[in-house]
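Structure file entry28.cif; described as mmCIF, N, CA and C atoms.
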```cif
data_target
loop_
_atom_site.label_atom_id
_atom_site.label_comp_id
_atom_site.auth_asym_id
_atom_site.auth_seq_id
_atom_site.Cartn_x
_atom_site.Cartn_y
_atom_site.Cartn_z
N MET A 1 -7.54 -24.50 -35.73
CA MET A 1 -8.71 -23.93 -35.08
C MET A 1 -8.31 -23.15 -33.82
N ASN A 2 -7.48 -23.77 -32.96
CA ASN A 2 -7.06 -23.10 -31.74
C ASN A 2 -6.24 -21.85 -32.03
N SER A 3 -5.36 -21.90 -33.03
CA SER A 3 -4.55 -20.72 -33.35
C SER A 3 -5.41 -19.59 -33.90
N THR A 4 -6.49 -19.91 -34.58
CA THR A 4 -7.41 -18.89 -35.08
C THR A 4 -8.10 -18.19 -33.93
N ILE A 5 -8.57 -18.94 -32.97
CA ILE A 5 -9.26 -18.37 -31.81
C ILE A 5 -8.29 -17.50 -31.01
N ILE A 6 -7.08 -17.98 -30.81
CA ILE A 6 -6.08 -17.21 -30.06
C ILE A 6 -5.77 -15.91 -30.80
N SER A 7 -5.63 -15.99 -32.12
CA SER A 7 -5.35 -14.78 -32.91
C SER A 7 -6.47 -13.76 -32.79
N ILE A 8 -7.71 -14.21 -32.80
CA ILE A 8 -8.86 -13.32 -32.69
C ILE A 8 -8.87 -12.67 -31.31
N VAL A 9 -8.64 -13.45 -30.26
CA VAL A 9 -8.63 -12.92 -28.90
C VAL A 9 -7.52 -11.87 -28.75
N VAL A 10 -6.33 -12.15 -29.25
CA VAL A 10 -5.22 -11.21 -29.16
C VAL A 10 -5.55 -9.93 -29.92
N ALA A 11 -6.12 -10.05 -31.11
CA ALA A 11 -6.48 -8.87 -31.90
C ALA A 11 -7.51 -8.01 -31.18
N VAL A 12 -8.51 -8.63 -30.55
CA VAL A 12 -9.53 -7.89 -29.81
C VAL A 12 -8.90 -7.17 -28.62
N LEU A 13 -8.01 -7.85 -27.91
CA LEU A 13 -7.34 -7.22 -26.77
C LEU A 13 -6.49 -6.03 -27.20
N ILE A 14 -5.80 -6.14 -28.32
CA ILE A 14 -4.97 -5.04 -28.81
C ILE A 14 -5.85 -3.85 -29.19
N VAL A 15 -6.94 -4.09 -29.90
CA VAL A 15 -7.84 -3.01 -30.30
C VAL A 15 -8.46 -2.36 -29.06
N PHE A 16 -8.94 -3.15 -28.12
CA PHE A 16 -9.55 -2.60 -26.90
C PHE A 16 -8.53 -1.79 -26.12
N GLY A 17 -7.32 -2.30 -25.98
CA GLY A 17 -6.27 -1.58 -25.27
C GLY A 17 -5.92 -0.26 -25.94
N ALA A 18 -5.87 -0.24 -27.26
CA ALA A 18 -5.57 0.99 -27.99
C ALA A 18 -6.68 2.02 -27.79
N ILE A 19 -7.92 1.58 -27.81
CA ILE A 19 -9.04 2.50 -27.60
C ILE A 19 -9.00 3.05 -26.18
N LEU A 20 -8.81 2.19 -25.20
CA LEU A 20 -8.76 2.62 -23.81
C LEU A 20 -7.60 3.59 -23.57
N PHE A 21 -6.43 3.28 -24.11
CA PHE A 21 -5.26 4.14 -23.94
C PHE A 21 -5.48 5.49 -24.59
N SER A 22 -6.07 5.54 -25.77
CA SER A 22 -6.27 6.82 -26.45
C SER A 22 -7.31 7.68 -25.74
N GLN A 23 -8.29 7.09 -25.07
CA GLN A 23 -9.30 7.86 -24.36
C GLN A 23 -8.75 8.45 -23.08
N ARG A 24 -7.77 7.83 -22.46
CA ARG A 24 -7.21 8.33 -21.20
C ARG A 24 -6.47 9.65 -21.40
N GLY A 25 -5.82 9.83 -22.53
CA GLY A 25 -5.00 11.01 -22.73
C GLY A 25 -5.70 12.15 -23.41
N SER A 26 -6.87 11.93 -23.99
CA SER A 26 -7.55 13.01 -24.69
C SER A 26 -9.04 12.83 -24.56
N THR A 27 -9.74 13.93 -24.71
CA THR A 27 -11.20 13.87 -24.61
C THR A 27 -11.81 14.65 -25.76
N SER A 28 -11.60 14.16 -26.97
CA SER A 28 -12.20 14.73 -28.17
C SER A 28 -12.00 16.22 -28.31
N GLY A 29 -10.75 16.66 -28.32
CA GLY A 29 -10.47 18.06 -28.54
C GLY A 29 -10.44 18.91 -27.29
N VAL A 30 -10.81 18.38 -26.15
CA VAL A 30 -10.79 19.13 -24.90
C VAL A 30 -9.41 18.97 -24.28
N VAL A 31 -8.79 20.07 -23.91
CA VAL A 31 -7.49 20.00 -23.26
C VAL A 31 -7.69 19.45 -21.85
N VAL A 32 -6.92 18.44 -21.50
CA VAL A 32 -7.07 17.79 -20.20
C VAL A 32 -5.97 18.26 -19.27
N THR A 33 -6.33 18.67 -18.07
CA THR A 33 -5.36 19.06 -17.07
C THR A 33 -4.85 17.80 -16.38
N THR A 34 -3.55 17.61 -16.40
CA THR A 34 -3.00 16.43 -15.74
C THR A 34 -2.42 16.75 -14.37
N SER A 35 -2.25 18.02 -14.07
CA SER A 35 -1.77 18.37 -12.74
C SER A 35 -2.97 18.59 -11.83
N ALA A 36 -2.68 18.75 -10.56
CA ALA A 36 -3.76 18.95 -9.60
C ALA A 36 -4.01 20.44 -9.36
N ASP A 37 -3.73 21.29 -10.34
CA ASP A 37 -3.95 22.72 -10.22
C ASP A 37 -5.39 23.05 -10.66
N ASN A 38 -6.34 22.45 -9.98
CA ASN A 38 -7.75 22.59 -10.35
C ASN A 38 -8.59 23.06 -9.17
N THR A 39 -7.94 23.67 -8.20
CA THR A 39 -8.63 24.12 -6.99
C THR A 39 -8.50 25.63 -6.86
N SER A 40 -9.63 26.27 -6.54
CA SER A 40 -9.61 27.72 -6.32
C SER A 40 -10.53 28.05 -5.15
N ILE A 41 -10.37 29.24 -4.61
CA ILE A 41 -11.25 29.70 -3.53
C ILE A 41 -11.95 30.96 -4.02
N VAL A 42 -13.29 30.90 -4.01
CA VAL A 42 -14.11 32.01 -4.48
C VAL A 42 -15.15 32.31 -3.40
N ASP A 43 -15.17 33.55 -2.93
CA ASP A 43 -16.13 33.98 -1.91
C ASP A 43 -16.15 33.05 -0.69
N GLY A 44 -14.96 32.62 -0.25
CA GLY A 44 -14.85 31.79 0.95
C GLY A 44 -15.14 30.32 0.74
N LYS A 45 -15.47 29.92 -0.50
CA LYS A 45 -15.71 28.50 -0.80
C LYS A 45 -14.60 27.99 -1.70
N GLN A 46 -14.16 26.80 -1.39
CA GLN A 46 -13.15 26.13 -2.19
C GLN A 46 -13.86 25.37 -3.31
N ILE A 47 -13.38 25.54 -4.53
CA ILE A 47 -13.98 24.85 -5.68
C ILE A 47 -12.94 23.93 -6.29
N VAL A 48 -13.27 22.65 -6.35
CA VAL A 48 -12.41 21.65 -6.98
C VAL A 48 -13.10 21.27 -8.29
N THR A 49 -12.46 21.60 -9.42
CA THR A 49 -13.07 21.37 -10.73
C THR A 49 -12.55 20.07 -11.32
N VAL A 50 -13.48 19.21 -11.76
CA VAL A 50 -13.15 17.91 -12.31
C VAL A 50 -13.91 17.73 -13.63
N LEU A 51 -13.20 17.37 -14.69
CA LEU A 51 -13.82 17.05 -15.97
C LEU A 51 -14.25 15.59 -15.95
N ALA A 52 -15.51 15.34 -16.28
CA ALA A 52 -16.03 13.97 -16.32
C ALA A 52 -16.35 13.59 -17.75
N LYS A 53 -15.47 12.82 -18.35
CA LYS A 53 -15.68 12.31 -19.71
C LYS A 53 -14.64 11.22 -19.96
N GLY A 54 -15.10 10.00 -20.06
CA GLY A 54 -14.16 8.90 -20.26
C GLY A 54 -13.25 8.72 -19.05
N GLY A 55 -13.73 9.08 -17.89
CA GLY A 55 -12.95 9.07 -16.65
C GLY A 55 -13.04 10.44 -16.02
N TYR A 56 -12.17 10.70 -15.07
CA TYR A 56 -12.17 11.96 -14.35
C TYR A 56 -10.78 12.58 -14.46
N PHE A 57 -10.74 13.88 -14.79
CA PHE A 57 -9.48 14.56 -15.02
C PHE A 57 -9.46 15.87 -14.26
N PRO A 58 -8.49 16.09 -13.38
CA PRO A 58 -7.46 15.12 -13.01
C PRO A 58 -8.05 14.05 -12.11
N GLN A 59 -7.39 12.92 -12.08
CA GLN A 59 -7.84 11.83 -11.22
C GLN A 59 -7.55 12.11 -9.75
N LYS A 60 -6.47 12.86 -9.49
CA LYS A 60 -6.09 13.17 -8.11
C LYS A 60 -6.01 14.67 -7.96
N SER A 61 -6.74 15.18 -6.99
CA SER A 61 -6.75 16.61 -6.70
C SER A 61 -6.28 16.83 -5.27
N VAL A 62 -5.75 18.01 -5.01
CA VAL A 62 -5.32 18.38 -3.67
C VAL A 62 -6.08 19.65 -3.29
N ALA A 63 -6.63 19.67 -2.08
CA ALA A 63 -7.39 20.82 -1.59
C ALA A 63 -7.06 21.02 -0.11
N LYS A 64 -7.45 22.18 0.41
CA LYS A 64 -7.20 22.48 1.82
C LYS A 64 -8.36 21.96 2.66
N SER A 65 -8.03 21.39 3.81
CA SER A 65 -9.07 20.94 4.74
C SER A 65 -9.60 22.14 5.50
N GLY A 66 -10.78 21.98 6.09
CA GLY A 66 -11.34 23.01 6.94
C GLY A 66 -11.98 24.19 6.21
N ILE A 67 -12.18 24.06 4.90
CA ILE A 67 -12.80 25.13 4.11
C ILE A 67 -14.06 24.54 3.45
N PRO A 68 -15.19 25.26 3.49
CA PRO A 68 -16.38 24.77 2.78
C PRO A 68 -16.02 24.50 1.32
N THR A 69 -16.37 23.30 0.83
CA THR A 69 -15.89 22.86 -0.48
C THR A 69 -17.03 22.44 -1.40
N VAL A 70 -16.86 22.80 -2.66
CA VAL A 70 -17.76 22.40 -3.74
C VAL A 70 -16.93 21.64 -4.75
N VAL A 71 -17.41 20.47 -5.17
CA VAL A 71 -16.77 19.77 -6.28
C VAL A 71 -17.59 20.12 -7.52
N ARG A 72 -16.94 20.74 -8.49
CA ARG A 72 -17.60 21.18 -9.71
C ARG A 72 -17.25 20.21 -10.84
N PHE A 73 -18.25 19.43 -11.24
CA PHE A 73 -18.07 18.47 -12.33
C PHE A 73 -18.50 19.14 -13.64
N THR A 74 -17.62 19.08 -14.63
CA THR A 74 -17.91 19.63 -15.94
C THR A 74 -17.99 18.47 -16.93
N THR A 75 -19.07 18.45 -17.71
CA THR A 75 -19.25 17.43 -18.74
C THR A 75 -19.35 18.11 -20.10
N ASN A 76 -18.88 17.42 -21.13
CA ASN A 76 -18.95 17.94 -22.49
C ASN A 76 -19.22 16.76 -23.41
N GLU A 77 -20.48 16.54 -23.71
CA GLU A 77 -20.90 15.39 -24.51
C GLU A 77 -20.42 14.09 -23.87
N SER A 78 -20.65 13.95 -22.59
CA SER A 78 -20.26 12.76 -21.84
C SER A 78 -21.41 11.76 -21.88
N TYR A 79 -21.20 10.66 -22.56
CA TYR A 79 -22.25 9.66 -22.70
C TYR A 79 -21.88 8.35 -22.00
N ASP A 80 -20.79 8.33 -21.28
CA ASP A 80 -20.35 7.10 -20.64
C ASP A 80 -20.70 7.11 -19.15
N CYS A 81 -20.22 6.10 -18.45
CA CYS A 81 -20.59 5.96 -17.03
C CYS A 81 -19.97 7.02 -16.14
N SER A 82 -19.01 7.80 -16.63
CA SER A 82 -18.44 8.86 -15.79
C SER A 82 -19.44 9.99 -15.56
N SER A 83 -20.56 9.98 -16.27
CA SER A 83 -21.58 11.01 -16.03
C SER A 83 -22.50 10.63 -14.86
N SER A 84 -22.16 9.55 -14.18
CA SER A 84 -22.86 9.16 -12.96
C SER A 84 -21.80 9.02 -11.87
N ILE A 85 -21.88 9.87 -10.84
CA ILE A 85 -20.82 9.85 -9.84
C ILE A 85 -21.32 9.34 -8.50
N ARG A 86 -20.38 8.72 -7.78
CA ARG A 86 -20.67 8.21 -6.43
C ARG A 86 -19.51 8.60 -5.53
N ILE A 87 -19.86 9.13 -4.36
CA ILE A 87 -18.88 9.38 -3.29
C ILE A 87 -19.44 8.69 -2.06
N PRO A 88 -19.15 7.40 -1.90
CA PRO A 88 -19.77 6.60 -0.85
C PRO A 88 -19.58 7.15 0.57
N SER A 89 -18.40 7.66 0.89
CA SER A 89 -18.15 8.13 2.26
C SER A 89 -19.02 9.33 2.63
N LEU A 90 -19.52 10.05 1.63
CA LEU A 90 -20.37 11.21 1.87
C LEU A 90 -21.83 10.93 1.49
N ASP A 91 -22.12 9.68 1.16
CA ASP A 91 -23.46 9.25 0.76
C ASP A 91 -24.00 10.10 -0.39
N ILE A 92 -23.13 10.33 -1.40
CA ILE A 92 -23.51 11.13 -2.57
C ILE A 92 -23.57 10.23 -3.79
N SER A 93 -24.65 10.32 -4.52
CA SER A 93 -24.85 9.63 -5.78
C SER A 93 -25.59 10.59 -6.70
N ARG A 94 -25.01 10.95 -7.84
CA ARG A 94 -25.62 11.92 -8.73
C ARG A 94 -25.43 11.53 -10.18
N SER A 95 -26.40 11.86 -10.97
CA SER A 95 -26.28 11.77 -12.43
C SER A 95 -25.97 13.17 -12.94
N LEU A 96 -24.98 13.27 -13.79
CA LEU A 96 -24.58 14.55 -14.36
C LEU A 96 -25.22 14.70 -15.74
N PRO A 97 -25.46 15.94 -16.18
CA PRO A 97 -25.99 16.13 -17.54
C PRO A 97 -24.93 15.75 -18.56
N GLN A 98 -25.35 15.44 -19.78
CA GLN A 98 -24.38 15.07 -20.82
C GLN A 98 -23.42 16.22 -21.12
N THR A 99 -23.93 17.44 -21.02
CA THR A 99 -23.09 18.63 -21.20
C THR A 99 -23.53 19.66 -20.17
N GLY A 100 -22.57 20.20 -19.44
CA GLY A 100 -22.91 21.23 -18.46
C GLY A 100 -22.00 21.19 -17.25
N THR A 101 -22.40 21.91 -16.22
CA THR A 101 -21.64 22.00 -14.99
C THR A 101 -22.56 21.67 -13.82
N THR A 102 -22.07 20.83 -12.91
CA THR A 102 -22.83 20.45 -11.73
C THR A 102 -21.97 20.67 -10.49
N ASP A 103 -22.46 21.50 -9.58
CA ASP A 103 -21.75 21.74 -8.31
C ASP A 103 -22.33 20.84 -7.23
N ILE A 104 -21.45 20.15 -6.52
CA ILE A 104 -21.86 19.29 -5.42
C ILE A 104 -21.15 19.78 -4.15
N GLU A 105 -21.92 20.26 -3.21
CA GLU A 105 -21.39 20.74 -1.93
C GLU A 105 -21.04 19.53 -1.07
N ILE A 106 -19.82 19.52 -0.55
CA ILE A 106 -19.42 18.39 0.29
C ILE A 106 -19.09 18.82 1.71
N GLY A 107 -19.50 20.01 2.08
CA GLY A 107 -19.30 20.47 3.45
C GLY A 107 -17.90 21.02 3.67
N THR A 108 -17.42 20.86 4.90
CA THR A 108 -16.10 21.34 5.30
C THR A 108 -15.26 20.12 5.67
N PRO A 109 -14.58 19.53 4.69
CA PRO A 109 -13.85 18.29 4.96
C PRO A 109 -12.67 18.46 5.91
N ALA A 110 -12.47 17.43 6.71
CA ALA A 110 -11.27 17.34 7.55
C ALA A 110 -10.13 16.79 6.69
N SER A 111 -8.94 16.74 7.24
CA SER A 111 -7.80 16.17 6.51
C SER A 111 -8.09 14.72 6.15
N GLY A 112 -7.67 14.33 4.97
CA GLY A 112 -7.86 12.96 4.52
C GLY A 112 -8.23 12.91 3.06
N ILE A 113 -8.47 11.72 2.59
CA ILE A 113 -8.78 11.52 1.17
C ILE A 113 -10.24 11.17 1.00
N VAL A 114 -10.89 11.86 0.06
CA VAL A 114 -12.27 11.56 -0.33
C VAL A 114 -12.19 10.87 -1.70
N ASN A 115 -12.71 9.65 -1.77
CA ASN A 115 -12.68 8.88 -3.01
C ASN A 115 -14.06 8.87 -3.66
N GLY A 116 -14.05 8.91 -4.99
CA GLY A 116 -15.29 8.81 -5.74
C GLY A 116 -15.09 7.92 -6.96
N THR A 117 -16.20 7.45 -7.50
CA THR A 117 -16.16 6.60 -8.69
C THR A 117 -17.32 6.96 -9.60
N CYS A 118 -17.28 6.39 -10.79
CA CYS A 118 -18.43 6.47 -11.68
C CYS A 118 -19.49 5.49 -11.15
N GLY A 119 -20.66 5.52 -11.75
CA GLY A 119 -21.74 4.65 -11.31
C GLY A 119 -21.41 3.17 -11.40
N MET A 120 -20.53 2.79 -12.32
CA MET A 120 -20.18 1.38 -12.50
C MET A 120 -18.91 0.98 -11.76
N GLY A 121 -18.21 1.96 -11.19
CA GLY A 121 -16.97 1.68 -10.48
C GLY A 121 -15.76 1.51 -11.39
N MET A 122 -15.90 1.83 -12.68
CA MET A 122 -14.79 1.68 -13.63
C MET A 122 -13.77 2.81 -13.51
N TYR A 123 -14.23 4.03 -13.31
CA TYR A 123 -13.37 5.20 -13.23
C TYR A 123 -13.40 5.75 -11.81
N SER A 124 -12.27 6.26 -11.36
CA SER A 124 -12.23 6.79 -10.00
C SER A 124 -11.54 8.15 -9.97
N PHE A 125 -11.77 8.86 -8.88
CA PHE A 125 -11.09 10.12 -8.63
C PHE A 125 -10.90 10.24 -7.13
N GLU A 126 -9.97 11.08 -6.72
CA GLU A 126 -9.76 11.32 -5.29
C GLU A 126 -9.39 12.77 -5.06
N ILE A 127 -9.81 13.25 -3.90
CA ILE A 127 -9.43 14.59 -3.47
C ILE A 127 -8.73 14.43 -2.13
N ASN A 128 -7.49 14.86 -2.07
CA ASN A 128 -6.68 14.77 -0.86
C ASN A 128 -6.77 16.10 -0.13
N PHE A 129 -7.43 16.12 1.01
CA PHE A 129 -7.57 17.35 1.81
C PHE A 129 -6.42 17.40 2.79
N ILE A 130 -5.64 18.47 2.70
CA ILE A 130 -4.47 18.64 3.56
C ILE A 130 -4.61 19.92 4.39
N ASN A 131 -3.84 20.01 5.48
CA ASN A 131 -3.85 21.21 6.33
C ASN A 131 -3.19 22.37 5.64
#
```

Could you rewrite the structure in this file as structure tokens?
Amino acid sequence: MNSTIISIVVAVLIVFGAILFSQRGSTSGVVVTTSADNTSIVDGKQIVTVLAKGGYFPQKSVAKSGIPTVVRFTTNESYDCSSSIRIPSLDISRSLPQTGTTDIEIGTPASGIVNGTCGMGMYSFEINFIN
């Protein structure tokens, strides 16, 4: 009896781990950027683009401090908790559409790290503002 329960628990953990691992590296046909080359400056505003689906990609971004900044969240059939974002230090809480683009203005950040999470706190992202 005990060996059966242990076998079932181990099998469930292996399946769950495989699902979680496969979702981190791919997002259903969408190419995921793993580098932090997701920042651009357009018309004097810095845009940090983040894909929200099964987490946030890239998880770590680098941007310049002292420039008005917009975080642009892109969703593509995102039905999980990553479609709800929280940036506690900036008192931001938003629900993103299942598919689309949402720009969130975060002002002119000073040097430092801005951390964000999904609504449940399972997935996180950070933007490191440097001089």

message: Applying the PyMOL selection byres ((chain A and resi 98) around 5) to the file I just gave you, which residues come out? Please list them as a PyMOL selection string.
response: chain A and resi 75-78+96-97+99-100

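Residues matching the PyMOL selection byres ((chain A and resi 65-68) around 5) in this structure come to A:Lys45, A:Gln46, A:Ala63, A:Lys64, A:Thr69, A:Val70, A:Gly107, A:Thr108, A:Pro109, A:Ala110, A:Ser111, A:Phe129, A:Ile130, A:Asn131.
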
- request: Find the residues around segment 71-73 of chain A up to 6 Å (only N, CA and C atoms counted), leave out those fewer than 2 positions away in its own chain, and share them as a PyMOL selection string.
  value: chain A and resi 47-52+69+75+100-106

field: Matched chain/residue IDs from the PyMOL selection byres (((chain A and resi 121-127 and name CA) around 6) and name CA), as a PyMOL selection string
entry: chain A and resi 55+59-62+113-120+128

query: Hey, can you check how far atom CA of Asp43 of chain A sits from atom CA of Ser83 of chain A?
result: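 Interatomic distance here is 27.5 Å.
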
Selected residue of minimal separation from Gly112 of chain A among A:Ser82, A:Asn38, A:Ser89, A:Gly54, counting only C-alpha atoms: A:Ser89

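We find atom C of Thr39 of chain A and atom CA of Phe57 of chain A to be spaced 13.8 Å apart.
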
query: When you draw a straight line from atom CA of Ile85 of chain A to atom N of Ile41 of chain A, how long is it in Å?
result: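 Computed distance, atom CA of Ile85 of chain A to atom N of Ile41 of chain A, equals 22.6 Å.
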